[in-house]
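Participant: Dropping a structure here in structure tokens format, bear with me for questions.
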Amino acid sequence: MAEPMLGKDVPNTIEKENVDCKEQVYLEETFYILSKKKSVFRVRLTSKGLSLIKETDDSSKEQTILLRDIIGSKCMRSKRRRAGAGSCVCSSLVGPQQLKVVEENSGDLDESDISAYLYIFAYTLKRSRRSLKRERTTITLRFRSYDKYEDNYKEAQKWRTSIKCLIANQPITTVIPQNDKKLLILLNPKSGPGKARELFQTKSAPLLQEAEVPYDLHITKYAQYAREFVRTRNVYGWRGIVAAGGDGVLFEILNGMFERLDWQQALAEVPLAILPCGSGNGLARTICYHYNEPYIRENLTGISMGLARGRVAPMDVVRVETKTNIMFSFLSVGWGLLSDIDIESERLRAIGGQRFAIWALARLVGLRKYKGVVSYAKIKDVSNLPKPKLPITLSHSVSQDGALDSPDAEAFIDCDEHSEVFTNAVNGKHQRVDSWYSVNSRRSAFYSTRGSEYHSVASGGSEMRSPVHACMHGPASHLPSLMSQLPSHWVHEEGEFVMVHVSYQAYIGEDLLFAPRSQLSDGVMWMLIIKAGIPRSQILSFLLGMGQGTHSDVNTEYIKMIPVSAFRIVPEGSDGYLTVDGELVEYGPLQAEIFPNIVHLLVPDTK
Ligand SMILES: Nc1ncnc2c1ncn2[C@@H]1O[C@H](COP(=O)(O)OP(=O)(O)OP(=O)(O)O)[C@@H](O)[C@H]1O
């Protein structure tokens, strides 16, 4: 019998029995299926998520949609049917016909249907044979227990508010938690193979809309646009700054933040984030690795969920000094083979991430060596770092989950042939007469989030800008000046090198697990030194090992991986590349040191 279990506006809490004594049940309701008279569905909102328990005379089956997978919810009403389009909504629910609902203020609603529909949007993890990926699921609850729409709406709204409070990690109240600040999205239309705009609009924007997270979207007009933007704007008005592009755009944003006089406050109050649309995407891959989020190329679901949920984690940054510049880096510093590949494969940009593999083969054939001195302050004890993980199986297939239907706010359709139609069998005394929901519907449309703005630019090529020299701030260096002698405890290696690459992130590219033991904030940089004289076959197997992270166990006569807190590279001659976060910097002496926990990053919510 369907009765409101909790009649008050502020939901009570009852302990759920026999399952997990720590799990709290906030709301519970019974739904019936018209077509399956012998089953009832008990739907519970708990501290774990939304639990759907199907009960028949002799069995009970439970499915839980975890809270971490729920992104948002929305109350809707039946759409007015055109004359001759069929009978009332209630009768049409029995069978595979589609239910049409609209927003309450649409002006096109069906006054004769007093039901309130609560749509709950979730992206659940599904494991197939080879990979793990997220699939979109919509759960629809129909509230029709009272004979007035307003009362049914109030009931649906109670569930919606509770869900929103739980998602926001706040105590459940009668008020929906509000965060009026928008996300700032700085999108580089030129990153990777040039698909950032399309990826954002099709994979990320619909999810932000479902989560009701408004955003300001700015398309970068030229290189350094993002840097100037964050340097000169009042960034406190945004809830976070997102680089939609490759690691290069985030590098610009980070350095723009350090060019502000108030860099410390700005970095403490405004988290940064990345939506991977570039060709390297090292940081995005690293974040997914640490938070057990599947990483699938061109699939922005998991990362977009992180943007919407707003969970932050600290990240180290590295202060890098060259003869004429100071910059801040979050990914890597490179000299030699990997930097050559990164810079010279630029001409293959149109093919995306594969450009690195192709150029790697070319560079191995014409292997170069570089002369110079490498010095570093070794971290003696890294035994407290967690054990390295194996990456979640990579899948390069483009999954369905981000690919939503085109927006259609007027006809929000969500009912397919797999939908189950529920209605209670109660009659007589009780006011509650039926409710309805469908699980696992993958068909959907999305609605616009009020307040999001799209700052477009006239189409056409990029504008060119002359560089603006701003002053770099940030934490003061602990190192001697670049030309001065280093402390005596530093180690020096002089000779010929195939490469020296230092990274402070686990992945330096989508498929390059460089430092499996690295954490986002551990104060450690991992320095890889490959000396000249190494056989090509050994380099090849080493590079291949990076796909699985097995290479870091290799410590041979030629290859070393050393945890360091600071380093200096002094190349001889003028022929070569030095890169910082994949960006070319001036060739010559360079030194760097790590500063823990300086930046806040938006990361996936694991709760
Ligand atoms: N509108 C633009 N036109 C030309 N270049 C731009 C524009 N906006 C940004 N850039 C520059 O493009 C460079 C590369 O960008 P980004 O990092 O986004 O892509 P990527 O190089 O493909 O990815 P990754 O860095 O992950 O390899 C950056 O150095 C940035 O300064």
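By order in the structure tokens, chains are A, B, ...; within a chain, residues start at 1; ligands start at 1, following the order shown.
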Each residue of chain A lying at most 7 Å from ligand 1 should get a row with its shortest atom-to-atom pair and the distance in Å to one decimal, counting only C-alpha atoms and all ligand atoms; could you produce that, ordered by chain and increasing number, as JSON lines?
Facilitator:
{"residue": "A:Asn188", "atom": "CA", "partner": "ligand 1", "partner_atom_place_in_ligand_line": "8 (N)", "distance": 4.5}
{"residue": "A:Pro189", "atom": "CA", "partner": "ligand 1", "partner_atom_place_in_ligand_line": "1 (N)", "distance": 5.9}
{"residue": "A:Lys190", "atom": "CA", "partner": "ligand 1", "partner_atom_place_in_ligand_line": "2 (C)", "distance": 5.5}
{"residue": "A:Ser191", "atom": "CA", "partner": "ligand 1", "partner_atom_place_in_ligand_line": "19 (O)", "distance": 3.5}
{"residue": "A:Gly192", "atom": "CA", "partner": "ligand 1", "partner_atom_place_in_ligand_line": "22 (O)", "distance": 3.3}
{"residue": "A:Pro193", "atom": "CA", "partner": "ligand 1", "partner_atom_place_in_ligand_line": "22 (O)", "distance": 6.8}
{"residue": "A:Thr220", "atom": "CA", "partner": "ligand 1", "partner_atom_place_in_ligand_line": "1 (N)", "distance": 4.6}
{"residue": "A:Lys221", "atom": "CA", "partner": "ligand 1", "partner_atom_place_in_ligand_line": "1 (N)", "distance": 3.9}
{"residue": "A:Tyr222", "atom": "CA", "partner": "ligand 1", "partner_atom_place_in_ligand_line": "2 (C)", "distance": 3.7}
{"residue": "A:Ala223", "atom": "CA", "partner": "ligand 1", "partner_atom_place_in_ligand_line": "31 (O)", "distance": 3.7}
{"residue": "A:Gln224", "atom": "CA", "partner": "ligand 1", "partner_atom_place_in_ligand_line": "31 (O)", "distance": 5.1}
{"residue": "A:Tyr225", "atom": "CA", "partner": "ligand 1", "partner_atom_place_in_ligand_line": "8 (N)", "distance": 6.4}
{"residue": "A:Gly245", "atom": "CA", "partner": "ligand 1", "partner_atom_place_in_ligand_line": "18 (O)", "distance": 3.9}
{"residue": "A:Gly246", "atom": "CA", "partner": "ligand 1", "partner_atom_place_in_ligand_line": "23 (O)", "distance": 3.3}
{"residue": "A:Asp247", "atom": "CA", "partner": "ligand 1", "partner_atom_place_in_ligand_line": "25 (O)", "distance": 3.8}
{"residue": "A:Gly248", "atom": "CA", "partner": "ligand 1", "partner_atom_place_in_ligand_line": "17 (O)", "distance": 3.0}
{"residue": "A:Val249", "atom": "CA", "partner": "ligand 1", "partner_atom_place_in_ligand_line": "18 (O)", "distance": 4.7}
{"residue": "A:Glu252", "atom": "CA", "partner": "ligand 1", "partner_atom_place_in_ligand_line": "31 (O)", "distance": 6.6}
{"residue": "A:Gly278", "atom": "CA", "partner": "ligand 1", "partner_atom_place_in_ligand_line": "23 (O)", "distance": 3.5}
{"residue": "A:Ser279", "atom": "CA", "partner": "ligand 1", "partner_atom_place_in_ligand_line": "22 (O)", "distance": 4.2}
{"residue": "A:Gly280", "atom": "CA", "partner": "ligand 1", "partner_atom_place_in_ligand_line": "26 (O)", "distance": 3.4}
{"residue": "A:Asn281", "atom": "CA", "partner": "ligand 1", "partner_atom_place_in_ligand_line": "26 (O)", "distance": 4.1}
{"residue": "A:Gly282", "atom": "CA", "partner": "ligand 1", "partner_atom_place_in_ligand_line": "26 (O)", "distance": 6.5}
{"residue": "A:Arg349", "atom": "CA", "partner": "ligand 1", "partner_atom_place_in_ligand_line": "22 (O)", "distance": 6.8}
{"residue": "A:Ser462", "atom": "CA", "partner": "ligand 1", "partner_atom_place_in_ligand_line": "3 (N)", "distance": 4.7}
{"residue": "A:Gly582", "atom": "CA", "partner": "ligand 1", "partner_atom_place_in_ligand_line": "25 (O)", "distance": 6.0}
{"residue": "A:Glu583", "atom": "CA", "partner": "ligand 1", "partner_atom_place_in_ligand_line": "29 (O)", "distance": 6.3}
Participant: Residues of the last selection are to be written out with C-alpha atoms, as a CSV table (one decimal), in the first residue's frame.
Facilitator:
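Wrote it out as part.csv, contents follow:
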chain,number,residue,atom,x,y,z
A,188,ASN,CA,40.9,26.2,-27.0
A,189,PRO,CA,39.3,25.5,-30.4
A,190,LYS,CA,42.8,24.6,-31.8
A,191,SER,CA,43.7,22.0,-29.2
A,192,GLY,CA,44.3,18.4,-30.3
A,193,PRO,CA,42.7,17.7,-33.6
A,220,THR,CA,40.3,31.4,-26.8
A,221,LYS,CA,41.2,33.7,-29.7
A,222,TYR,CA,44.9,33.3,-29.8
A,223,ALA,CA,47.8,31.7,-27.8
A,224,GLN,CA,48.1,33.4,-24.4
A,225,TYR,CA,44.4,34.4,-24.4
A,245,GLY,CA,41.7,21.7,-24.4
A,246,GLY,CA,45.1,20.2,-23.8
A,247,ASP,CA,47.6,20.6,-21.0
A,248,GLY,CA,48.8,23.8,-22.8
A,249,VAL,CA,45.7,25.7,-21.9
A,252,GLU,CA,48.4,29.2,-19.5
A,278,GLY,CA,44.0,18.0,-26.5
A,279,SER,CA,46.5,15.5,-27.8
A,280,GLY,CA,48.5,14.8,-24.7
A,281,ASN,CA,45.9,15.1,-21.9
A,282,GLY,CA,48.4,13.9,-19.2
A,349,ARG,CA,48.4,17.5,-34.8
A,462,SER,CA,43.1,32.8,-34.7
A,582,GLY,CA,54.8,20.2,-23.3
A,583,GLU,CA,55.4,23.8,-24.2
Participant: When DSSP works through the backbone of this structure, what residues of region 96-229 of chain A end up as strand (DSSP E or B), shown as a VMD selection string?
Facilitator: chain A and resid 100 to 102 109 116 to 127 132 to 144 182 to 187 215 to 219
Participant: Compile the contact shell of region 257-273 of chain A as a ChimeraX atom specification: residues with an atom at most 6 Å away, counting only C-alpha atoms, same-chain residues fewer than 5 positions apart removed.
Facilitator: /A:231,240-242,471-474,599-602
Participant: May I ask for the distance between CA of Gln485 (chain A) and CA of Arg319 (chain A), given in Å to one decimal place?
Facilitator: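 Value for the CA of Gln485 (chain A)-CA of Arg319 (chain A) distance: 18.6 Å.
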Participant: At a cut-off of 10 Å, using only C-alpha atoms, what residues contact Met499 (chain A)? Leave out same-chain residues fewer than 4 positions from it and give the result as a PyMOL selection string.
Facilitator: chain A and resi 334-340+368-371+528-532+559
Participant: Take the selection from the previous step and output its residues with C-alpha atoms, as a short mmCIF file (atom, residue, chain, number, x, y, z; two decimals), in the first residue's frame.
Facilitator:
data_model
loop_
_atom_site.label_atom_id
_atom_site.label_comp_id
_atom_site.auth_asym_id
_atom_site.auth_seq_id
_atom_site.Cartn_x
_atom_site.Cartn_y
_atom_site.Cartn_z
CA GLY A 334 61.74 17.53 -20.57
CA TRP A 335 65.05 17.56 -22.42
CA GLY A 336 65.86 15.15 -25.25
CA LEU A 337 63.88 12.32 -26.80
CA LEU A 338 60.37 12.85 -25.36
CA SER A 339 60.51 16.63 -25.81
CA ASP A 340 61.75 16.18 -29.39
CA ARG A 368 70.06 11.91 -30.98
CA LYS A 369 72.19 12.49 -27.91
CA TYR A 370 72.67 15.64 -25.88
CA LYS A 371 75.64 16.73 -23.83
CA LEU A 528 64.05 9.82 -15.62
CA ILE A 529 67.59 9.81 -16.98
CA ILE A 530 68.47 7.79 -20.08
CA LYS A 531 72.16 7.92 -20.90
CA ALA A 532 73.66 7.78 -24.37
CA ILE A 559 68.16 4.08 -17.35
#
Participant: Restricting the calculation to only C-alpha atoms, which member of A:Gly573, A:Gly310, A:Gly588, A:Gly366 is positioned closest to Lys182 (chain A)?
Facilitator: A:Gly310
Participant: Between A:Arg134, A:Arg297, A:Arg309, A:Arg233, which has the minimum distance to Leu199 (chain A) (counting only C-alpha atoms)?
Facilitator: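 Looking only at the distances to Leu199 (chain A), the closest residue turns out to be A:Arg297.
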Participant: Can you work out which one of A:Ala243, A:Leu132, A:Val524, A:Ile303 has the shortest atom-to-atom distance to Ile379 (chain A), counting only C-alpha atoms?
Facilitator: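 Once distances to Ile379 (chain A) are computed over only C-alpha atoms, the minimum belongs to A:Val524.
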Participant: May I have the residues within 10 Å of Ile287 (chain A) as a PyMOL selection string, using only C-alpha atoms and disregarding those fewer than 6 positions away in the same chain?
Facilitator: chain A and resi 274+293+295+303+505-507+519-520+601-604
Participant: With only C-alpha atoms as the basis for distance, which of A:Thr124, A:Thr174, A:Ser73, A:Ser518 is at the shortest distance from Val564 (chain A)?
Facilitator: A:Ser518
Participant: Do you know which residues are at most 7 Å from Glu135 (chain A) counting only C-alpha atoms, after dropping those on the same chain fewer than 4 positions away, and could you put them as a list in words?
Facilitator: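 Result of the neighbour search: Tyr123, Thr124, Leu125, Lys126 and Asp401 of chain A.
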Participant: As an exercise, work out the distance from CA of Met546 (chain A) to CA of Glu493 (chain A) in Å and give it to one decimal place.
Facilitator: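 Distance between the two atoms: 24.1 Å.
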Participant: For region 99-134 of chain A versus region 210-216 of chain A, which residues have an atom no more than 12 Å away, and what is each residue's nearest atom pair and distance in Å rounded to one decimal, using only C-alpha atoms, chain-then-number order, as a tab-separated table?
Facilitator:
residue	atom	partner	partner_atom	distance
A:Tyr119	CA	A:Glu210	CA	9.9
A:Ile120	CA	A:Glu210	CA	9.1
A:Phe121	CA	A:Glu210	CA	7.0
A:Ala122	CA	A:Glu210	CA	9.4
A:Tyr123	CA	A:Glu210	CA	11.1
